[in-house]
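Read the structure below first, then the notes.
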Amino acid sequence: MPVTPFPTPRSLTTTPGGAALDAPVHANPDPDLPPQGYRLRTGPEGVTVDHRDAHGLRYALATLDQLRAGHDYTATGYTITDHPDFPVRGFLLDISRDRVPTRRTLARWIEILALARFTQLELYGEHTYAFRDHQDVWQDASPLTADDLRWLDARCAAVGIELVANQNTFGHMERFLRHPRHAQRAENPEGFERGGVHRPPSTLEPTDDNAAFATALVEEAAREVRSRRLNIGADEPFELGRGASAERVAQQGLGEVYFSFVTRLMAPWLEAGYTVEFWADVFAGHPELMDRVPPGAVPVVWQYDGPRALSEVIDGDTPEARTWQRLGADLDNLREGFRSRGKLLSEAGVPFWVAPGASNWNSLLGRIDNAVDNMLDAAETGRENAAQGFLLTSWGDHGHWDAPSVAYGPVVFGGAVSWSLETNRDLDIAAVLDDHVLLDEARLTGGVLTRLGRVHRDLGVPLLNGSPIARALFPDPAVPLPALPAPEALDRVAATLAACRADLTAADPAGADGDVVRRELHHAVALAEFAVDVLRARAAVRTDAPADPDPCLLYKYEA
């Protein structure tokens with residue numbers, strides 16, 4: 001049976017008669033092919049590769065290796081023509097929410113990203129780099145070092161991946177601001193209220209001194225890698241205008257104060273010839289800023305729930321929707337997915353990227369169906385509006401409690417649909433994981449990962465940005481679980497978890513991290529089973545509780 005390579009190419013035909021296994025490869029540059037494109041022919045006359053550039057040659061040879069692995073290779077000739085939908089296909093891994101990867105884990109990620117044809121890797125940073133003058137901030141965080149970055153940069157370059165420095169510079173600075181010597185940098189040193197919960201200070205006051213401070217952090221990481229692109233973050237400055245900058249915001253407007261500071265953060269890098277990525281979430285409320293984006297700056301439009309989840313939660317005017325409204329979410333903008341900001345940026349002539357999510361965070365087991373829905377929405381909108389990049393994100397909100405393998409399925413799917421949406425939208429994720437990533441001859445581990453990734457839906461409690469399993473184990477009073485799963489739903493999930501545990505016992509993943517994947521997933525299943533027990537117990541408590549209790553009373557905990 002003819003082999004279908006991964007990712008599925010946009011054009012593949014076969015003819016009788018294949019090439020010898022040791023047939024020489026004749027490679028020819030072809031400037032008429034699209035960037036990163038190639039044309040591969042195999043047959044009795046040998047193997048020919050036409051390629052546009054180094055990327056195209058790399059992908060052609062990787063495809064050839066997959067064809068050679070098929071038992072029909074010498075009997076079947078192949079003609080494959082392929083090129084990507086998005087020129088930049090990136091993966092962002094959060095290393096600042098409590099789990100910093102070892103070199104072994106990073107090397108494994110590079111293998112998977114190369115397989116899925118990603119061109120860029122970003123490690124999202126807050127405090128987990130060994131900054132020269134900030135040991136008090138990172139000393140307990142197992143930070144990456146300059147040597148680690150140089151090692152990783154070399155490993156990435158060897159497989160055609162660009163390592164891009166990523167350091168947040170505006171919001172999400174709480175790990176610095178909690179220290180007395182940095183407290184005065186905060187927009188509101190006393191913290192702020194959000195969703196009825198007091199939060200520690202997280203946003204820098206937009207001053208020249210703070211711009212220089214943040215730029216110095218970016219510079220320490222950026223100088224250890226070869227890329228001329230970087231990401232300054234600058235997302236979610238929740239307190240802006242509610243503290244030290246309140247008077248300026250009252251006079252100039254929130255959007256003006258925000259973008260003035262972000263422009264200062266970008267300026268030295270743009271002047272040095274860098275491309276600067278920054279998150280575009282503030283644009284949702286300030287579209288007037290879009291035509292002020294300077295050349296070389298790239299707004300990255302993020303959205304982490306797919307259309308199906310958004311419809312279930314928002315269109316039903318559910319308690320979950322009202323919770324997010326209290327937190328300040330713009331539900332109308334969320335309902336539009338990527339389309340509203342993507343269309344506005346495209347019409348303004350501003351190059352932009354789309355950034356869907358792997359849906360691994362706040363879930364423990366993942367939300368694979370939401371990840372797929374979210375990535376399809378991103379790829380479709382990106383293509384419609386000429387987005388130049390697709391940045392798949394794997395965050396660690398509230399801690400990276402999910403095993404790394406939970407994100408493997410979203411990563412292979414994201415790489416495939418950002419390469420060629422139309423030929424990969426129905427990709428069999430479990431099969432790709434077993435055949436190309438986990439190397440499970442029993443073909444069980446991929447199925448376990450995809451079944452575990454649907455447990456959140458089987459519980460019958462639609463949520464945004466999370467799973468009932470995670471909310472049961474790691475409750476947040478600001479985002480209470482809006483309802484408890486029905487007893488029959490808990491029974492179904494318990495049966496799924498038991499079946500997955502049995503399949504993991506019989507699985508035989510031979511990949512580099514196969515044994516670790518099995519042990520971590522066994523642990524995740526055990527935690528999920530505990531969560532089911534917790535939900536059953538809460539249902540019993542609620543049955544005995546007075547009518548209409550405060551939902552947070554069922555979720556209070558000590559941090």
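We name chains A, B, ... following the order of the structure tokens; residues begin at 1 in each chain, and ligands are numbered from 1 as shown.
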If you take only C-alpha atoms and a cut-off of 6 Å, which residues of range 53-78 of chain A touch range 38-47 of chain A, and what are their nearest atom pairs and distances in Å to one decimal, in chain and number order, as JSON lines?
{"residue": "A:Gly56", "atom": "CA", "partner": "A:Tyr38", "partner_atom": "CA", "distance": 5.1}
{"residue": "A:Gly77", "atom": "CA", "partner": "A:Gly43", "partner_atom": "CA", "distance": 4.4}
{"residue": "A:Tyr78", "atom": "CA", "partner": "A:Thr42", "partner_atom": "CA", "distance": 5.1}
Notebook entry, point to check: What's the 12 Å shell around range 14-29 of chain A, counting only C-alpha atoms, without same-chain residues fewer than 6 positions away, as a PyMOL selection string?
Noted result: chain A and resi 1-4+35-58+60-61+64-65+67-80
Could you dump the residues just selected with N, CA and C atoms as a short mmCIF file (atom, residue, chain, number, x, y, z; two decimals), in the first residue's frame?
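For reference, out32.cif as written:
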data_model
loop_
_atom_site.label_atom_id
_atom_site.label_comp_id
_atom_site.auth_asym_id
_atom_site.auth_seq_id
_atom_site.Cartn_x
_atom_site.Cartn_y
_atom_site.Cartn_z
N MET A 1 0.85 -1.20 0.00
CA MET A 1 0.00 0.00 0.00
C MET A 1 0.88 1.24 0.00
N PRO A 2 0.61 2.22 -0.89
CA PRO A 2 1.44 3.42 -0.94
C PRO A 2 1.46 4.15 0.40
N VAL A 3 2.58 4.79 0.70
CA VAL A 3 2.76 5.54 1.94
C VAL A 3 2.21 6.95 1.76
N THR A 4 1.51 7.45 2.79
CA THR A 4 1.15 8.87 2.82
C THR A 4 2.04 9.54 3.84
N PRO A 35 8.46 29.64 -1.84
CA PRO A 35 9.40 29.51 -0.73
C PRO A 35 9.12 28.26 0.10
N GLN A 36 10.20 27.56 0.45
CA GLN A 36 10.17 26.32 1.21
C GLN A 36 9.52 25.16 0.44
N GLY A 37 9.26 25.36 -0.84
CA GLY A 37 8.59 24.33 -1.64
C GLY A 37 9.56 23.35 -2.26
N TYR A 38 9.02 22.22 -2.66
CA TYR A 38 9.83 21.19 -3.32
C TYR A 38 8.96 20.33 -4.22
N ARG A 39 9.62 19.63 -5.12
CA ARG A 39 8.99 18.63 -5.98
C ARG A 39 9.88 17.38 -5.92
N LEU A 40 9.30 16.26 -5.55
CA LEU A 40 10.04 15.01 -5.36
C LEU A 40 9.52 13.96 -6.31
N ARG A 41 10.42 13.32 -7.06
CA ARG A 41 10.04 12.23 -7.97
C ARG A 41 10.90 11.01 -7.67
N THR A 42 10.24 9.86 -7.54
CA THR A 42 10.97 8.60 -7.40
C THR A 42 10.43 7.62 -8.44
N GLY A 43 11.29 6.77 -8.93
CA GLY A 43 10.87 5.79 -9.93
C GLY A 43 12.05 4.98 -10.40
N PRO A 44 11.87 4.12 -11.40
CA PRO A 44 12.98 3.27 -11.88
C PRO A 44 14.19 4.07 -12.34
N GLU A 45 13.96 5.31 -12.79
CA GLU A 45 15.08 6.13 -13.26
C GLU A 45 15.85 6.79 -12.11
N GLY A 46 15.34 6.67 -10.86
CA GLY A 46 16.05 7.21 -9.71
C GLY A 46 15.21 8.21 -8.93
N VAL A 47 15.88 9.12 -8.24
CA VAL A 47 15.21 10.09 -7.36
C VAL A 47 15.67 11.49 -7.74
N THR A 48 14.70 12.38 -7.96
CA THR A 48 14.99 13.77 -8.29
C THR A 48 14.27 14.68 -7.31
N VAL A 49 14.98 15.67 -6.81
CA VAL A 49 14.40 16.67 -5.92
C VAL A 49 14.63 18.05 -6.52
N ASP A 50 13.56 18.77 -6.79
CA ASP A 50 13.64 20.19 -7.15
C ASP A 50 13.21 20.97 -5.92
N HIS A 51 13.98 21.98 -5.54
CA HIS A 51 13.69 22.70 -4.30
C HIS A 51 13.94 24.19 -4.48
N ARG A 52 13.16 24.98 -3.76
CA ARG A 52 13.31 26.44 -3.84
C ARG A 52 14.49 26.91 -3.01
N ASP A 53 14.67 26.31 -1.82
CA ASP A 53 15.67 26.82 -0.88
C ASP A 53 16.09 25.69 0.05
N ALA A 54 16.86 26.04 1.08
CA ALA A 54 17.37 25.01 2.00
C ALA A 54 16.23 24.33 2.75
N HIS A 55 15.21 25.08 3.13
CA HIS A 55 14.06 24.46 3.80
C HIS A 55 13.40 23.45 2.87
N GLY A 56 13.17 23.85 1.63
CA GLY A 56 12.52 22.94 0.68
C GLY A 56 13.31 21.65 0.51
N LEU A 57 14.63 21.76 0.41
CA LEU A 57 15.46 20.56 0.29
C LEU A 57 15.34 19.69 1.53
N ARG A 58 15.36 20.31 2.70
CA ARG A 58 15.26 19.57 3.96
C ARG A 58 13.93 18.79 4.02
N ALA A 60 11.96 17.91 1.52
CA ALA A 60 11.92 16.88 0.49
C ALA A 60 12.66 15.62 0.95
N LEU A 61 13.84 15.80 1.54
CA LEU A 61 14.61 14.64 1.98
C LEU A 61 13.94 13.95 3.16
N LEU A 64 11.29 11.90 1.62
CA LEU A 64 11.91 10.73 0.98
C LEU A 64 12.23 9.65 2.01
N ASP A 65 12.71 10.04 3.18
CA ASP A 65 12.99 9.06 4.23
C ASP A 65 11.73 8.31 4.63
N LEU A 67 9.10 7.79 2.72
CA LEU A 67 8.73 6.90 1.62
C LEU A 67 9.60 5.64 1.64
N ARG A 68 10.88 5.80 1.86
CA ARG A 68 11.79 4.65 1.88
C ARG A 68 11.41 3.66 2.98
N ALA A 69 10.82 4.15 4.06
CA ALA A 69 10.43 3.26 5.16
C ALA A 69 9.26 2.36 4.78
N GLY A 70 8.53 2.71 3.73
CA GLY A 70 7.40 1.89 3.30
C GLY A 70 7.85 0.66 2.54
N HIS A 71 7.18 -0.45 2.74
CA HIS A 71 7.57 -1.71 2.10
C HIS A 71 7.33 -1.69 0.59
N ASP A 72 6.55 -0.72 0.11
CA ASP A 72 6.25 -0.67 -1.32
C ASP A 72 7.19 0.26 -2.07
N TYR A 73 8.20 0.81 -1.40
CA TYR A 73 9.00 1.87 -2.01
C TYR A 73 9.61 1.44 -3.34
N THR A 74 10.17 0.26 -3.42
CA THR A 74 10.84 -0.15 -4.66
C THR A 74 9.85 -0.57 -5.74
N ALA A 75 8.57 -0.71 -5.39
CA ALA A 75 7.56 -1.12 -6.37
C ALA A 75 6.66 0.03 -6.82
N THR A 76 6.75 1.17 -6.13
CA THR A 76 5.85 2.30 -6.40
C THR A 76 6.66 3.57 -6.63
N GLY A 77 6.32 4.28 -7.70
CA GLY A 77 6.93 5.58 -7.95
C GLY A 77 6.06 6.68 -7.37
N TYR A 78 6.69 7.72 -6.85
CA TYR A 78 5.97 8.83 -6.23
C TYR A 78 6.34 10.14 -6.91
N THR A 79 5.34 11.00 -7.07
CA THR A 79 5.56 12.39 -7.45
C THR A 79 4.82 13.26 -6.44
N ILE A 80 5.57 14.06 -5.72
CA ILE A 80 5.01 14.89 -4.65
C ILE A 80 5.42 16.33 -4.89
#
Which residues of range 279-317 of chain A have any atom within 9 Å of an atom in range 349-354 of chain A when counting only C-alpha atoms, and what is the closest pair of atoms for each, with the distance in Å to one decimal? Order the rows by chain and rising number and write it as CSV.
residue,atom,partner,partner_atom,distance
A:Met290,CA,A:Val350,CA,7.4
A:Asp291,CA,A:Val350,CA,7.2
A:Val293,CA,A:Val350,CA,7.1
A:Pro294,CA,A:Val350,CA,8.9
A:Pro295,CA,A:Val350,CA,8.5
A:Gly296,CA,A:Pro351,CA,8.9
A:Ala297,CA,A:Pro351,CA,8.2
A:Val298,CA,A:Phe352,CA,5.3
A:Pro299,CA,A:Phe352,CA,5.1
A:Val300,CA,A:Trp353,CA,4.7
A:Val301,CA,A:Val354,CA,4.9
A:Trp302,CA,A:Val354,CA,6.1
A:Gln303,CA,A:Val354,CA,8.2
Next item on the list: Write out as a VMD selection string all residues of range 382-436 of chain A that DSSP puts in helix (DSSP H, G or I) for this structure's backbone.
Entry: chain A and resid 382 to 384 404 to 419 421 to 424 429 to 436
Item checked: Counting only C-alpha atoms, the option among A:Asp153, A:Asp435, A:Asp147, A:Asp94 closest to Thr128 in chain A ->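 Closest to Thr128 in chain A, using only C-alpha atoms: A:Asp94.
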Item checked: Point-to-point distance in Å for CA of Gly306 in chain A and CA of Pro9 in chain A ->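 The value is 25.2 Å.
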Next item on the list: Using DSSP on the backbone coordinates, identify the residues of range 4-114 of chain A assigned to strand (DSSP E or B); present them as a count of residues only.
Entry: 37
Can you list, as a PDB file with all heavy atoms, in the first residue's frame, every protein, DNA or RNA residue that comes within 6 Å of range 482-493 of chain A when you count only C-alpha atoms, leaving out same-chain residues fewer than 2 positions away?
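Output file out.pdb is given in full below:
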ATOM      1  N   PRO A 319     -23.523  30.641  33.253  1.00  0.00           N
ATOM      2  CA  PRO A 319     -22.771  31.181  34.384  1.00  0.00           C
ATOM      3  C   PRO A 319     -21.283  31.312  34.081  1.00  0.00           C
ATOM      4  O   PRO A 319     -20.624  32.242  34.555  1.00  0.00           O
ATOM      5  CB  PRO A 319     -23.025  30.158  35.504  1.00  0.00           C
ATOM      6  CG  PRO A 319     -24.327  29.522  35.146  1.00  0.00           C
ATOM      7  CD  PRO A 319     -24.355  29.477  33.648  1.00  0.00           C
ATOM      8  N   GLU A 320     -20.744  30.385  33.286  1.00  0.00           N
ATOM      9  CA  GLU A 320     -19.339  30.461  32.889  1.00  0.00           C
ATOM     10  C   GLU A 320     -19.078  31.740  32.096  1.00  0.00           C
ATOM     11  O   GLU A 320     -18.075  32.432  32.314  1.00  0.00           O
ATOM     12  CB  GLU A 320     -18.976  29.234  32.055  1.00  0.00           C
ATOM     13  CG  GLU A 320     -17.580  29.248  31.466  1.00  0.00           C
ATOM     14  CD  GLU A 320     -16.477  28.914  32.454  1.00  0.00           C
ATOM     15  OE1 GLU A 320     -16.771  28.777  33.659  1.00  0.00           O
ATOM     16  OE2 GLU A 320     -15.313  28.806  32.027  1.00  0.00           O
ATOM     17  N   LEU A 459     -17.545  15.164  30.510  1.00  0.00           N
ATOM     18  CA  LEU A 459     -18.099  15.546  31.809  1.00  0.00           C
ATOM     19  C   LEU A 459     -19.334  16.432  31.677  1.00  0.00           C
ATOM     20  O   LEU A 459     -20.065  16.628  32.647  1.00  0.00           O
ATOM     21  CB  LEU A 459     -17.028  16.263  32.637  1.00  0.00           C
ATOM     22  CG  LEU A 459     -15.939  15.324  33.188  1.00  0.00           C
ATOM     23  CD1 LEU A 459     -14.764  16.124  33.716  1.00  0.00           C
ATOM     24  CD2 LEU A 459     -16.505  14.408  34.256  1.00  0.00           C
ATOM     25  N   PRO A 480     -15.059  29.859  39.535  1.00  0.00           N
ATOM     26  CA  PRO A 480     -15.612  28.628  40.114  1.00  0.00           C
ATOM     27  C   PRO A 480     -16.212  27.733  39.041  1.00  0.00           C
ATOM     28  O   PRO A 480     -16.602  28.195  37.961  1.00  0.00           O
ATOM     29  CB  PRO A 480     -16.700  29.144  41.058  1.00  0.00           C
ATOM     30  CG  PRO A 480     -17.112  30.459  40.464  1.00  0.00           C
ATOM     31  CD  PRO A 480     -15.861  31.043  39.870  1.00  0.00           C
ATOM     32  N   ALA A 495     -14.960   5.115  33.594  1.00  0.00           N
ATOM     33  CA  ALA A 495     -14.734   3.946  32.736  1.00  0.00           C
ATOM     34  C   ALA A 495     -13.679   4.247  31.674  1.00  0.00           C
ATOM     35  O   ALA A 495     -12.825   3.394  31.373  1.00  0.00           O
ATOM     36  CB  ALA A 495     -16.051   3.530  32.077  1.00  0.00           C
ATOM     37  N   THR A 496     -13.709   5.443  31.103  1.00  0.00           N
ATOM     38  CA  THR A 496     -12.693   5.836  30.111  1.00  0.00           C
ATOM     39  C   THR A 496     -11.308   5.840  30.738  1.00  0.00           C
ATOM     40  O   THR A 496     -10.337   5.344  30.141  1.00  0.00           O
ATOM     41  CB  THR A 496     -13.015   7.228  29.547  1.00  0.00           C
ATOM     42  OG1 THR A 496     -14.261   7.182  28.855  1.00  0.00           O
ATOM     43  CG2 THR A 496     -11.924   7.691  28.591  1.00  0.00           C
TER      44      THR A 496
END
Next item on the list: Write out as a count of residues only each polymer residue whose atoms come within 8 Å of Arg175 in chain A, counting only C-alpha atoms; drop sequence neighbours fewer than 2 positions from it.
Entry: 9
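Across the structure, CA of Val88 in chain A and CA of Pro356 in chain A are spaced 13.9 Å apart.
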Checklist line | Interatomic distance, CA of Ile232 in chain A to CA of Asp208 in chain A (Å, one decimal) | finding: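 Computed distance, CA of Ile232 in chain A to CA of Asp208 in chain A, equals 15.9 Å.
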Please report, as a Markdown table, each residue of range 366-406 of chain A lying at most 12 Å from range 331-348 of chain A, together with the nearest pair of atoms and the separation in Å rounded to one decimal; use only C-alpha atoms, and order rows by chain and ascending residue number.
| residue | atom | partner | partner_atom | distance |
| --- | --- | --- | --- | --- |
| A:Asp373 | CA | A:Gly337 | CA | 10.7 |
| A:Asn374 | CA | A:Gly337 | CA | 8.4 |
| A:Met375 | CA | A:Phe338 | CA | 10.2 |
| A:Leu376 | CA | A:Phe338 | CA | 10.6 |
| A:Asp377 | CA | A:Phe338 | CA | 7.1 |
| A:Ala378 | CA | A:Phe338 | CA | 6.3 |
| A:Ala379 | CA | A:Phe338 | CA | 9.5 |
| A:Glu380 | CA | A:Phe338 | CA | 9.3 |
| A:Thr381 | CA | A:Arg339 | CA | 6.0 |
| A:Gly382 | CA | A:Gly342 | CA | 7.3 |
| A:Arg383 | CA | A:Gly342 | CA | 10.1 |
| A:Glu384 | CA | A:Lys343 | CA | 8.6 |
| A:Asn385 | CA | A:Ser346 | CA | 5.7 |
| A:Ala386 | CA | A:Ser346 | CA | 7.1 |
| A:Ala387 | CA | A:Gly342 | CA | 7.9 |
| A:Gln388 | CA | A:Ser346 | CA | 10.7 |
| A:Gly389 | CA | A:Gly342 | CA | 11.9 |
| A:Phe390 | CA | A:Phe338 | CA | 11.9 |
Output file for the selection above: all heavy atoms, as a short mmCIF file (atom, residue, chain, number, x, y, z; two decimals), in the first residue's frame:
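Final output, saved to out_15.cif:
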data_model
loop_
_atom_site.label_atom_id
_atom_site.label_comp_id
_atom_site.auth_asym_id
_atom_site.auth_seq_id
_atom_site.Cartn_x
_atom_site.Cartn_y
_atom_site.Cartn_z
N ASP A 373 -10.12 22.48 16.98
CA ASP A 373 -11.08 23.50 16.55
C ASP A 373 -10.42 24.88 16.52
O ASP A 373 -10.60 25.66 15.57
CB ASP A 373 -12.26 23.48 17.52
CG ASP A 373 -13.52 24.10 16.94
OD1 ASP A 373 -13.71 24.06 15.71
OD2 ASP A 373 -14.34 24.63 17.73
N ASN A 374 -9.64 25.17 17.54
CA ASN A 374 -8.95 26.45 17.66
C ASN A 374 -7.92 26.63 16.55
O ASN A 374 -7.81 27.69 15.92
CB ASN A 374 -8.30 26.49 19.04
CG ASN A 374 -7.63 27.80 19.39
OD1 ASN A 374 -6.65 27.82 20.12
ND2 ASN A 374 -8.13 28.92 18.91
N MET A 375 -7.15 25.58 16.27
CA MET A 375 -6.12 25.67 15.23
C MET A 375 -6.71 25.77 13.84
O MET A 375 -6.18 26.48 12.98
CB MET A 375 -5.16 24.48 15.34
CG MET A 375 -4.20 24.59 16.51
SD MET A 375 -2.99 23.25 16.57
CE MET A 375 -3.92 21.98 17.42
N LEU A 376 -7.80 25.07 13.59
CA LEU A 376 -8.47 25.19 12.29
C LEU A 376 -8.97 26.62 12.09
O LEU A 376 -8.83 27.19 11.00
CB LEU A 376 -9.62 24.20 12.19
CG LEU A 376 -9.24 22.73 12.06
CD1 LEU A 376 -10.49 21.85 12.10
CD2 LEU A 376 -8.46 22.46 10.77
N ASP A 377 -9.55 27.20 13.13
CA ASP A 377 -10.02 28.58 13.05
C ASP A 377 -8.86 29.53 12.76
O ASP A 377 -8.96 30.43 11.92
CB ASP A 377 -10.71 28.94 14.38
CG ASP A 377 -11.31 30.34 14.36
OD1 ASP A 377 -11.83 30.76 13.31
OD2 ASP A 377 -11.28 31.01 15.42
N ALA A 378 -7.74 29.30 13.44
CA ALA A 378 -6.56 30.16 13.22
C ALA A 378 -6.03 30.01 11.80
O ALA A 378 -5.71 31.01 11.14
CB ALA A 378 -5.47 29.80 14.23
N ALA A 379 -5.91 28.77 11.33
CA ALA A 379 -5.36 28.55 9.99
C ALA A 379 -6.28 29.12 8.92
O ALA A 379 -5.81 29.74 7.95
CB ALA A 379 -5.13 27.06 9.76
N GLU A 380 -7.58 28.93 9.08
CA GLU A 380 -8.52 29.44 8.08
C GLU A 380 -8.51 30.97 8.05
O GLU A 380 -8.43 31.58 6.99
CB GLU A 380 -9.93 28.92 8.39
CG GLU A 380 -10.09 27.43 8.12
CD GLU A 380 -11.36 26.85 8.71
OE1 GLU A 380 -12.08 27.60 9.43
OE2 GLU A 380 -11.64 25.66 8.49
N THR A 381 -8.58 31.58 9.24
CA THR A 381 -8.57 33.04 9.30
C THR A 381 -7.24 33.60 8.82
O THR A 381 -7.20 34.62 8.11
CB THR A 381 -8.84 33.51 10.75
OG1 THR A 381 -10.09 32.98 11.18
CG2 THR A 381 -8.87 35.03 10.83
N GLY A 382 -6.15 32.94 9.22
CA GLY A 382 -4.84 33.41 8.79
C GLY A 382 -4.69 33.40 7.28
O GLY A 382 -4.17 34.35 6.69
N ARG A 383 -5.15 32.32 6.65
CA ARG A 383 -5.05 32.25 5.19
C ARG A 383 -5.95 33.30 4.53
O ARG A 383 -5.56 33.93 3.55
CB ARG A 383 -5.44 30.85 4.71
CG ARG A 383 -4.45 29.76 5.08
CD ARG A 383 -4.53 28.59 4.15
NE ARG A 383 -5.90 28.21 3.85
CZ ARG A 383 -6.25 27.35 2.88
NH1 ARG A 383 -5.32 26.82 2.11
NH2 ARG A 383 -7.51 27.04 2.68
N GLU A 384 -7.15 33.49 5.06
CA GLU A 384 -8.08 34.45 4.47
C GLU A 384 -7.54 35.87 4.52
O GLU A 384 -7.84 36.69 3.65
CB GLU A 384 -9.42 34.40 5.22
CG GLU A 384 -10.23 33.14 5.00
CD GLU A 384 -11.38 33.03 5.99
OE1 GLU A 384 -11.62 34.01 6.75
OE2 GLU A 384 -12.03 31.96 6.04
N ASN A 385 -6.75 36.18 5.56
CA ASN A 385 -6.30 37.55 5.78
C ASN A 385 -4.79 37.71 5.63
O ASN A 385 -4.22 38.69 6.10
CB ASN A 385 -6.73 38.01 7.18
CG ASN A 385 -8.24 38.10 7.30
OD1 ASN A 385 -8.86 39.05 6.82
ND2 ASN A 385 -8.85 37.10 7.92
N ALA A 386 -4.16 36.75 4.94
CA ALA A 386 -2.74 36.84 4.58
C ALA A 386 -1.82 36.98 5.78
O ALA A 386 -0.83 37.72 5.75
CB ALA A 386 -2.52 38.00 3.60
N ALA A 387 -2.15 36.27 6.88
CA ALA A 387 -1.23 36.24 8.03
C ALA A 387 0.08 35.60 7.61
O ALA A 387 0.11 34.63 6.86
CB ALA A 387 -1.86 35.47 9.19
N GLN A 388 1.17 36.14 8.13
CA GLN A 388 2.50 35.65 7.74
C GLN A 388 3.01 34.55 8.66
O GLN A 388 3.97 33.86 8.32
CB GLN A 388 3.49 36.81 7.75
CG GLN A 388 3.19 37.87 6.71
CD GLN A 388 3.27 37.31 5.30
OE1 GLN A 388 4.32 36.86 4.87
NE2 GLN A 388 2.15 37.34 4.58
N GLY A 389 2.39 34.40 9.83
CA GLY A 389 2.89 33.41 10.78
C GLY A 389 1.78 32.73 11.54
O GLY A 389 0.67 33.27 11.70
N PHE A 390 2.09 31.54 12.01
CA PHE A 390 1.19 30.70 12.81
C PHE A 390 2.02 30.27 14.02
O PHE A 390 2.99 29.54 13.89
CB PHE A 390 0.75 29.50 11.98
CG PHE A 390 -0.20 28.54 12.64
CD1 PHE A 390 -1.55 28.53 12.30
CD2 PHE A 390 0.25 27.58 13.56
CE1 PHE A 390 -2.42 27.61 12.87
CE2 PHE A 390 -0.61 26.66 14.13
CZ PHE A 390 -1.96 26.67 13.79
#
